[in-house]
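One file, upload_24.tsv, is given below (TSV, C-alpha atoms).
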```
chain	number	residue	atom	x	y	z
A	10	MET	CA	-20.51	62.94	83.84
A	11	LEU	CA	-22.09	66.38	84.28
A	12	VAL	CA	-20.56	66.62	87.76
A	13	LEU	CA	-17.09	65.68	86.48
A	14	THR	CA	-17.41	68.17	83.62
A	15	VAL	CA	-18.20	70.98	86.06
A	16	LEU	CA	-15.41	70.00	88.45
A	17	ALA	CA	-12.92	69.78	85.57
A	18	GLU	CA	-13.26	73.58	85.33
A	19	GLY	CA	-12.58	74.11	89.01
A	20	ASP	CA	-13.26	72.95	92.57
A	21	GLY	CA	-16.68	73.45	94.07
A	22	HIS	CA	-19.23	72.28	96.60
A	23	GLY	CA	-22.60	70.69	95.91
A	24	TYR	CA	-24.59	73.90	95.54
A	25	ARG	CA	-22.03	75.49	93.20
A	26	ILE	CA	-21.83	72.28	91.14
A	27	ASN	CA	-25.61	72.21	90.74
A	28	THR	CA	-25.67	75.88	89.75
A	29	ALA	CA	-23.05	75.18	87.08
A	30	ILE	CA	-25.07	72.20	85.83
A	31	GLU	CA	-28.10	74.46	85.59
A	32	GLU	CA	-26.10	76.96	83.49
A	33	LEU	CA	-24.91	74.10	81.26
A	34	THR	CA	-28.16	72.19	80.79
A	35	GLY	CA	-30.95	74.53	81.83
A	36	SER	CA	-32.07	72.51	84.86
A	37	ARG	CA	-30.70	71.54	88.26
A	38	LEU	CA	-30.24	67.98	89.44
A	39	GLY	CA	-32.45	66.92	92.32
A	40	PRO	CA	-30.62	66.78	95.67
A	41	GLY	CA	-30.96	63.00	95.84
A	42	SER	CA	-29.50	62.57	92.34
A	43	LEU	CA	-26.70	65.10	92.89
A	44	TYR	CA	-25.44	63.81	96.22
A	45	GLY	CA	-25.90	60.18	95.13
A	46	ALA	CA	-23.60	60.97	92.22
A	47	LEU	CA	-21.11	62.79	94.49
A	48	SER	CA	-21.09	59.87	96.92
A	49	ARG	CA	-20.53	57.42	94.06
A	50	LEU	CA	-17.76	59.48	92.48
A	51	GLU	CA	-15.98	59.92	95.82
A	52	ALA	CA	-16.27	56.19	96.61
A	53	ARG	CA	-14.66	55.40	93.23
A	54	GLY	CA	-11.86	57.89	93.75
A	55	MET	CA	-12.89	60.25	90.94
A	56	VAL	CA	-13.40	63.24	93.24
A	57	GLU	CA	-11.93	64.08	96.62
A	58	ALA	CA	-12.86	66.46	99.39
A	59	VAL	CA	-10.35	69.30	99.82
A	60	GLY	CA	-11.99	71.39	102.50
A	61	GLU	CA	-15.17	72.80	103.95
A	62	VAL	CA	-16.90	76.11	103.49
A	63	ALA	CA	-19.36	77.54	106.00
A	64	ASP	CA	-22.23	79.36	104.30
A	65	ALA	CA	-25.43	80.71	105.88
A	66	GLY	CA	-25.19	78.44	108.89
A	67	SER	CA	-24.48	75.20	107.02
A	68	ARG	CA	-21.28	73.50	105.98
A	69	HIS	CA	-20.46	72.62	102.39
A	70	ARG	CA	-17.74	70.17	101.44
A	71	THR	CA	-15.50	71.46	98.60
A	72	LEU	CA	-14.66	68.81	96.02
A	73	ARG	CA	-11.90	68.46	93.45
A	74	ILE	CA	-11.69	66.12	90.48
A	75	THR	CA	-8.85	63.60	90.74
A	76	ASP	CA	-6.59	62.30	87.98
A	77	ALA	CA	-8.75	59.15	87.82
A	78	GLY	CA	-11.81	61.36	87.42
A	79	ARG	CA	-10.18	63.34	84.62
A	80	ALA	CA	-9.22	60.10	82.83
A	81	ALA	CA	-12.75	58.69	83.17
A	82	LEU	CA	-14.29	61.97	81.96
A	83	ARG	CA	-11.95	62.11	78.98
A	84	THR	CA	-12.77	58.50	78.00
A	85	GLU	CA	-16.49	59.17	78.25
A	86	LEU	CA	-16.33	62.43	76.27
A	87	GLU	CA	-14.19	60.88	73.54
A	88	GLN	CA	-16.69	58.03	73.25
A	89	MET	CA	-19.52	60.55	72.95
A	90	ALA	CA	-17.57	62.53	70.35
A	91	ARG	CA	-17.07	59.39	68.21
A	92	VAL	CA	-20.78	58.60	68.39
A	93	SER	CA	-21.61	62.22	67.58
A	94	ARG	CA	-19.33	62.27	64.50
A	95	ALA	CA	-20.74	58.95	63.26
A	96	GLY	CA	-24.30	60.17	63.71
A	97	LEU	CA	-23.69	63.48	61.93
A	98	ARG	CA	-21.92	61.66	59.08
A	99	ALA	CA	-24.91	59.34	58.71
A	100	LEU	CA	-27.17	62.38	58.52
A	101	GLY	CA	-24.94	63.96	55.91
A	102	VAL	CA	-24.03	66.84	58.18
A	103	ALA	CA	-20.39	67.90	58.37
A	104	PRO	CA	-19.15	67.87	61.99
A	105	THR	CA	-18.22	71.37	63.24
B	7	MET	CA	-37.25	68.47	112.47
B	8	SER	CA	-38.30	69.48	108.95
B	9	LEU	CA	-39.66	67.02	106.38
B	10	PRO	CA	-36.42	67.14	104.32
B	11	GLY	CA	-34.57	66.29	107.53
B	12	LEU	CA	-36.88	63.33	108.12
B	13	ILE	CA	-36.37	62.10	104.55
B	14	VAL	CA	-32.58	62.43	104.86
B	15	GLY	CA	-32.90	60.32	108.01
B	16	LEU	CA	-33.73	57.43	105.64
B	17	TYR	CA	-30.27	57.58	104.04
B	18	PRO	CA	-27.57	55.01	104.92
B	19	PRO	CA	-25.74	56.16	108.09
B	20	ALA	CA	-22.38	56.89	106.43
B	21	VAL	CA	-23.99	58.93	103.63
B	22	ARG	CA	-26.17	60.78	106.12
B	23	GLU	CA	-23.17	61.65	108.24
B	24	ARG	CA	-21.08	62.83	105.28
B	25	TRP	CA	-23.64	64.58	103.06
B	26	GLY	CA	-26.77	64.89	105.18
B	27	GLU	CA	-26.43	68.55	106.11
B	28	GLU	CA	-25.90	69.58	102.48
B	29	ILE	CA	-28.77	67.42	101.20
B	30	VAL	CA	-31.15	68.94	103.76
B	31	ALA	CA	-30.04	72.47	102.83
B	32	GLU	CA	-30.45	71.83	99.11
B	33	ALA	CA	-33.79	70.04	99.57
B	34	THR	CA	-35.14	72.82	101.77
B	35	GLU	CA	-34.17	75.46	99.22
B	36	ALA	CA	-35.50	73.43	96.27
B	37	GLY	CA	-38.88	72.94	97.94
B	38	PRO	CA	-41.43	70.09	97.97
B	39	ARG	CA	-40.96	69.30	94.27
B	40	ALA	CA	-37.46	68.01	95.07
B	41	TRP	CA	-38.49	65.84	98.01
B	42	PRO	CA	-39.47	62.74	95.92
B	43	ASP	CA	-35.99	62.89	94.35
B	44	VAL	CA	-34.45	63.02	97.84
B	45	ALA	CA	-36.45	59.93	98.88
B	46	ALA	CA	-35.54	58.14	95.64
B	47	GLY	CA	-31.89	58.98	96.30
B	48	ALA	CA	-32.10	57.21	99.66
B	49	ALA	CA	-33.59	54.08	98.04
B	50	ARG	CA	-30.92	54.09	95.30
B	51	LEU	CA	-28.08	54.39	97.81
B	52	TRP	CA	-29.43	51.57	99.99
B	53	ILE	CA	-29.12	49.13	97.07
B	54	HIS	CA	-25.66	50.47	96.14
B	55	PRO	CA	-23.55	50.09	99.30
B	56	GLY	CA	-20.45	50.33	97.12
B	57	ASP	CA	-21.22	54.06	96.81
B	58	TRP	CA	-21.18	54.68	100.57
B	59	PRO	CA	-18.21	56.40	102.20
B	60	GLU	CA	-16.33	54.15	104.62
B	61	LEU	CA	-15.98	56.47	107.60
B	62	VAL	CA	-15.02	53.59	109.94
B	63	ALA	CA	-13.40	50.31	108.86
B	64	GLY	CA	-16.05	47.63	108.22
B	65	GLN	CA	-18.91	50.11	108.62
B	66	THR	CA	-20.51	49.31	105.27
B	67	ARG	CA	-20.53	45.56	105.92
B	68	ARG	CA	-21.98	46.01	109.41
B	69	VAL	CA	-24.80	48.23	108.14
B	70	VAL	CA	-25.57	45.82	105.27
B	71	LEU	CA	-25.70	42.97	107.80
B	72	VAL	CA	-28.26	44.83	109.92
B	73	ALA	CA	-30.23	45.64	106.75
B	74	LEU	CA	-30.22	41.91	105.91
B	75	CYS	CA	-31.71	41.18	109.36
B	76	ALA	CA	-34.27	43.94	108.91
B	77	VAL	CA	-35.35	42.48	105.53
B	78	THR	CA	-35.76	39.05	107.14
B	79	VAL	CA	-37.84	40.50	110.00
B	80	CYS	CA	-40.03	42.47	107.57
B	81	THR	CA	-40.54	39.31	105.51
B	82	LEU	CA	-41.71	37.30	108.50
B	83	LEU	CA	-44.03	40.07	109.73
B	84	LEU	CA	-45.43	40.58	106.23
B	85	LEU	CA	-46.16	36.88	105.80
B	86	ARG	CA	-47.72	36.66	109.25
B	87	ALA	CA	-49.95	39.64	108.50
B	88	THR	CA	-51.19	38.76	105.05
B	89	VAL	CA	-50.92	35.08	104.25
B	90	GLN	CA	-53.87	32.87	105.20
B	91	SER	CA	-52.53	29.62	103.79
B	92	PRO	CA	-50.74	27.70	106.57
B	93	GLY	CA	-48.48	25.89	104.13
B	94	VAL	CA	-46.50	28.96	103.23
B	95	LEU	CA	-45.45	29.49	106.83
B	96	SER	CA	-45.15	25.85	107.87
B	97	PRO	CA	-42.17	24.01	106.45
B	98	GLY	CA	-42.87	20.32	106.33
B	99	VAL	CA	-43.05	17.26	104.18
B	100	ASP	CA	-46.35	18.42	102.73
B	101	HIS	CA	-45.03	21.89	101.96
B	102	PRO	CA	-41.71	21.59	100.07
B	103	GLY	CA	-41.96	25.20	98.87
B	104	ALA	CA	-41.95	26.46	102.45
B	105	VAL	CA	-39.02	24.16	103.26
B	106	LEU	CA	-37.09	25.61	100.33
B	107	TRP	CA	-37.64	29.29	101.07
B	108	CYS	CA	-37.17	28.90	104.84
B	109	GLY	CA	-33.99	26.92	104.20
B	110	LEU	CA	-32.60	29.51	101.81
B	111	VAL	CA	-33.37	32.43	104.15
B	112	ALA	CA	-31.88	30.58	107.15
B	113	ALA	CA	-28.81	29.67	105.11
B	114	GLY	CA	-28.41	33.29	104.08
B	115	LEU	CA	-28.51	34.46	107.70
B	116	LEU	CA	-26.02	31.77	108.79
B	117	VAL	CA	-23.58	32.51	105.97
B	118	ALA	CA	-23.67	36.26	106.62
B	119	ALA	CA	-23.48	36.00	110.41
B	120	PRO	CA	-20.31	37.55	111.87
B	121	LEU	CA	-18.00	35.13	113.65
B	122	PRO	CA	-17.20	36.18	117.22
B	123	ARG	CA	-13.65	35.82	118.42
B	124	LEU	CA	-13.78	33.10	121.08
B	125	THR	CA	-12.09	35.23	123.69
B	126	PRO	CA	-13.70	35.46	127.15
B	127	GLY	CA	-14.08	39.21	126.73
B	128	ASP	CA	-15.96	38.96	123.43
B	129	VAL	CA	-18.16	36.09	124.61
B	130	VAL	CA	-19.13	38.02	127.74
B	131	SER	CA	-19.78	41.14	125.64
B	132	ILE	CA	-22.08	39.22	123.30
B	133	VAL	CA	-23.96	37.59	126.18
B	134	VAL	CA	-24.42	40.95	127.89
B	135	ALA	CA	-25.53	42.54	124.61
B	136	GLY	CA	-27.98	39.68	124.08
B	137	PHE	CA	-29.43	40.07	127.55
B	138	ARG	CA	-29.75	43.84	127.30
B	139	THR	CA	-31.28	43.73	123.83
B	140	LEU	CA	-33.40	40.57	123.83
B	141	ALA	CA	-34.56	40.20	127.45
B	142	VAL	CA	-37.58	42.50	127.14
B	143	PRO	CA	-38.95	41.03	123.88
B	144	MET	CA	-38.37	37.49	125.16
B	145	LEU	CA	-40.33	38.30	128.31
B	146	ALA	CA	-43.08	39.89	126.24
B	147	LEU	CA	-43.28	36.83	123.95
B	148	PHE	CA	-43.31	34.50	126.96
B	149	ALA	CA	-46.08	36.52	128.62
B	150	MET	CA	-48.10	36.36	125.39
B	151	PHE	CA	-47.57	32.60	125.16
B	152	VAL	CA	-48.62	32.06	128.78
B	153	ALA	CA	-51.68	34.25	128.37
B	154	ALA	CA	-52.70	32.41	125.20
B	155	HIS	CA	-52.39	28.95	126.80
B	156	SER	CA	-53.56	29.72	130.31
B	157	GLY	CA	-57.26	29.65	129.46
B	158	ALA	CA	-57.69	33.06	131.10
B	159	ILE	CA	-58.62	34.67	127.78
B	160	ASP	CA	-62.02	33.86	126.33
B	161	SER	CA	-61.89	32.27	122.86
B	162	HIS	CA	-64.41	34.88	121.67
B	163	PRO	CA	-63.58	38.05	123.60
B	164	PRO	CA	-65.54	41.29	123.25
B	165	LEU	CA	-64.55	43.56	120.37
B	166	VAL	CA	-62.53	46.01	122.48
B	167	VAL	CA	-60.67	43.22	124.29
B	168	ASN	CA	-60.04	41.48	120.98
B	169	GLY	CA	-58.63	44.71	119.55
B	170	LEU	CA	-56.33	45.16	122.52
B	171	LEU	CA	-55.13	41.56	122.28
B	172	VAL	CA	-54.40	41.93	118.54
B	173	ALA	CA	-52.55	45.22	119.22
B	174	TRP	CA	-50.54	43.50	122.00
B	175	TYR	CA	-49.71	40.62	119.64
B	176	TRP	CA	-48.42	42.87	116.86
B	177	ALA	CA	-46.62	45.23	119.21
B	178	THR	CA	-44.79	42.24	120.70
B	179	LEU	CA	-43.81	40.86	117.28
B	180	CYS	CA	-42.60	44.29	116.08
B	181	LEU	CA	-40.64	44.82	119.32
B	182	ALA	CA	-38.99	41.40	118.91
B	183	GLY	CA	-38.10	42.22	115.31
B	184	ILE	CA	-36.58	45.61	116.17
B	185	CYS	CA	-34.59	44.15	119.08
B	186	ALA	CA	-33.30	41.34	116.84
B	187	CYS	CA	-31.91	43.95	114.44
B	188	ARG	CA	-30.37	45.92	117.32
B	189	PHE	CA	-28.75	42.71	118.60
B	190	ALA	CA	-27.31	42.07	115.12
B	191	ALA	CA	-25.88	45.62	115.15
B	192	ARG	CA	-24.24	45.08	118.56
B	193	VAL	CA	-22.80	41.68	117.60
B	194	GLY	CA	-21.49	43.25	114.40
B	195	ARG	CA	-19.52	45.82	116.47
B	196	ILE	CA	-18.11	43.13	118.82
B	197	ALA	CA	-17.32	40.26	116.42
B	198	ARG	CA	-14.93	40.15	113.48
B	199	PRO	CA	-16.49	42.02	110.52
B	200	VAL	CA	-18.01	39.56	108.06
B	201	GLY	CA	-16.07	39.33	104.80
B	202	THR	CA	-17.53	40.83	101.64
B	203	ARG	CA	-17.74	37.47	99.87
B	204	ARG	CA	-19.70	35.87	102.71
B	205	LEU	CA	-21.98	38.88	102.86
B	206	GLN	CA	-22.59	38.64	99.10
B	207	ALA	CA	-23.35	34.91	99.42
B	208	GLY	CA	-25.70	35.55	102.35
B	209	LEU	CA	-27.57	38.25	100.44
B	210	GLY	CA	-27.79	36.02	97.38
B	211	LEU	CA	-29.29	33.16	99.41
B	212	LEU	CA	-31.69	35.55	101.15
B	213	GLY	CA	-32.76	37.02	97.81
B	214	ALA	CA	-33.32	33.56	96.34
B	215	GLY	CA	-35.34	32.55	99.41
B	216	LEU	CA	-37.51	35.66	99.20
B	217	ALA	CA	-38.10	35.06	95.49
B	218	VAL	CA	-39.27	31.51	96.23
B	219	ALA	CA	-41.45	32.82	99.08
B	220	ALA	CA	-43.00	35.36	96.70
B	221	MET	CA	-43.84	32.62	94.20
B	222	GLU	CA	-45.08	30.35	96.97
B	223	VAL	CA	-47.40	33.06	98.30
B	224	VAL	CA	-48.91	34.00	94.94
B	225	VAL	CA	-48.91	30.67	93.09
B	226	ALA	CA	-49.31	28.07	95.80
B	227	GLY	CA	-51.37	30.11	98.25
B	228	ALA	CA	-54.87	28.84	98.97
B	229	SER	CA	-56.40	32.26	98.33
B	230	ARG	CA	-55.37	34.96	95.91
B	231	SER	CA	-56.74	37.87	97.82
B	232	VAL	CA	-55.52	41.43	97.42
B	233	GLY	CA	-53.48	41.03	100.61
B	234	THR	CA	-51.83	37.85	99.35
B	235	ILE	CA	-50.92	39.38	96.01
B	236	ALA	CA	-49.64	42.54	97.73
B	237	ALA	CA	-47.50	40.35	100.02
B	238	GLY	CA	-46.13	38.52	96.99
B	239	VAL	CA	-45.25	41.80	95.30
B	240	CYS	CA	-43.55	43.13	98.46
B	241	LEU	CA	-41.55	39.90	98.79
B	242	ALA	CA	-40.51	40.13	95.14
B	243	ILE	CA	-39.32	43.72	95.71
B	244	LEU	CA	-37.34	42.66	98.81
B	245	ALA	CA	-35.84	39.75	96.82
B	246	ALA	CA	-34.81	42.09	93.99
B	247	ALA	CA	-33.29	44.56	96.48
B	248	SER	CA	-31.28	41.81	98.24
B	249	LEU	CA	-29.94	40.47	94.95
B	250	ALA	CA	-29.15	44.02	93.75
B	251	VAL	CA	-27.12	44.70	96.90
B	252	ALA	CA	-25.23	41.40	96.47
B	253	HIS	CA	-24.49	42.35	92.84
B	254	ASP	CA	-23.32	45.85	93.82
B	255	LEU	CA	-20.98	44.47	96.51
B	256	TRP	CA	-19.50	42.13	93.91
B	257	HIS	CA	-18.90	44.99	91.48
B	258	ALA	CA	-17.50	47.30	94.13
B	259	HIS	CA	-15.10	44.78	95.62
B	260	GLY	CA	-14.48	42.37	92.74
```

Encoded form using structure tokens:
Amino acid sequence: MLVLTVLAEGDGHGYRINTAIEELTGSRLGPGSLYGALSRLEARGMVEAVGEVADAGSRHRTLRITDAGRAALRTELEQMARVSRAGLRALGVAPT
Amino acid sequence: MSLPGLIVGLYPPAVRERWGEEIVAEATEAGPRAWPDVAAGAARLWIHPGDWPELVAGQTRRVVLVALCAVTVCTLLLLRATVQSPGVLSPGVDHPGAVLWCGLVAAGLLVAAPLPRLTPGDVVSIVVAGFRTLAVPMLALFAMFVAAHSGAIDSHPPLVVNGLLVAWYWATLCLAGICACRFAARVGRIARPVGTRRLQAGLGLLGAGLAVAAMEVVVAGASRSVGTIAAGVCLAILAAASLAVAHDLWHAHG
């Protein structure tokens, strides 16, 4: 979900995605976790490759979130928002 | 080749081809702390073939088929190396557990085996592939058999000779196992790709067979040495991995 959230803001390759995740959460994903997630998302049609960028002697594949990815991200975030509102209500805290 | 490059070499072929360069770059920059995550990523992807890119039609099924053969070979070598009880390795009337696990594993291999098109070209290709891949290990096994039964080798050889004979034995078995997997890979490229359902069924039978073998080794084995228990644990892990792959294929393809 972190990967889809980052890609919803704009296209990017693995390194840029991980940098954005670090800005969002404070820590980077391990390479195995990140590229496992990218492979899974691409296999399920939630992201697609749109080109390659050469950087410091290595190639990076640029990815874009697909409509299916946006729909899945929205479903997941709405679910989390419902749980968040219910939890805050139970604690007696007004949702912001 | 750097250590990250070696670890990325453990990834499934399609994932390695598509993402390998980027994983190596990221792992190199992240340093040794990230390397366990890279290795864990390889293990996770091997049991989730539904997450692999399909760079060539049928590639995922062919690679899973070879992995199934590799698991079977590892199982046989593991049992040969660690189990002292003859019953576990000798299917027979007196050893129904061995009959069950051997039967399940054999059934799994048969169900998952690709069916060659019965055209002269394909048959010739498979025979040639078999000769090129299996001739050397077959000769090595035959030579070992002849040497063992010829009487030329003393029943209690000196330590050095005994060590060399044991090394020859294990090198021959490992060579035969590797060549069997290579033959499966070549047949997979020649024959019709095995369907996902049959592959799932084959993996399920293999997993069930390995689970029974694990129980047979630990529960029914004559001795519960550290080696026997370790073999049982390894077999249980292989069983769980086989069943996980079957489950993932079912989820990925319905």

Closest pair table for chain A residues within 6 Å of chain B, only C-alpha atoms, as a Markdown table:
```
| residue | atom | partner | partner_atom | distance |
| --- | --- | --- | --- | --- |
| A:Gly39 | CA | B:Asp43 | CA | 5.7 |
| A:Pro40 | CA | B:Val44 | CA | 5.8 |
| A:Gly41 | CA | B:Val44 | CA | 4.0 |
| A:Ser42 | CA | B:Gly47 | CA | 5.9 |
| A:Ser48 | CA | B:Asp57 | CA | 5.8 |
| A:Arg49 | CA | B:Asp57 | CA | 4.4 |
| A:Ala52 | CA | B:Asp57 | CA | 5.4 |
```

Within 12 Å of (-25.5, 72.9, 89.5), in the coordinates the file gives, what residues turn up when you count all atoms listed in the file, written out as number ranges by chain?
-> A: 11-16, 21-40, 42-44; B: 32

Proximity to A:Leu82 - best of A:Met55, A:Arg94, A:Gly101, A:Ala46, all atoms listed in the file | A:Met55

In terms of the shortest atom-to-atom distance over only C-alpha atoms, which of A:Gly19, A:Met89, A:Glu61, A:Val102 is closest to A:Ile74?
-> A:Gly19

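Here atom CA of B:Leu171 is placed at a distance of 16.8 Å from atom CA of B:Leu83.
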
Quick one, how far is atom CA of A:Gly78 from atom CA of A:Gly96?
-> 26.8 Å

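Excluding A:Thr75 itself and any same-chain residue fewer than 5 positions from it, the protein and nucleic acid residues within 8 Å of it, counting all atoms listed in the file, are Gly54, Met55, Val56 and Glu57 of chain A.
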
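For the atom pair formed by atom CA of B:Val134 and atom CA of B:Val200, the distance is 20.9 Å, given to one decimal.
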
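Minimum atom-to-atom distance to B:Ala246, evaluated using all atoms listed in the file, belongs to B:Leu209 out of B:Pro199, B:Leu145, B:Gly127, B:Leu209.
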
Which of these residues is nearest to B:Cys80, using only C-alpha atoms: B:Cys180, B:Tyr175, B:Glu222, B:Gly201?
-> B:Cys180

Minimum-distance residue to B:Leu71, chosen among B:Pro10, B:Pro163, B:Gly114, B:Gly103 (using all atoms listed in the file) = B:Gly114

Extending 5 Å beyond the listed atoms of stretch 50-56 of chain A on each side, what axis-aligned box results? I want centre and edge lengths in Å to one decimal, as AutoDock Vina command-line options.
```
--center_x -14.8 --center_y 59.3 --center_z 93.8 --size_x 15.9 --size_y 17.8 --size_z 15.7
```

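Considering the residues B:Cys108, B:Trp176, B:Ala214, B:Val232 and counting all atoms listed in the file, B:Ala87 has its shortest atom-to-atom contact with B:Trp176.
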
Just the residues within 8 Å of B:Gly215, please, counting all atoms listed in the file, with nothing from its chain fewer than 5 positions along; format it as an MDAnalysis selection string.
-> chainID B and resid 106:111 245

Near B:Leu74, within 12 Å and counting only C-alpha atoms, which residues show up once chain neighbours fewer than 2 positions away are dropped, as number ranges by chain?
-> B: 52-53, 67-72, 76-81, 111-112, 114-119, 186-187, 190-191, 205-213, 216, 244-245, 247-249, 251-252
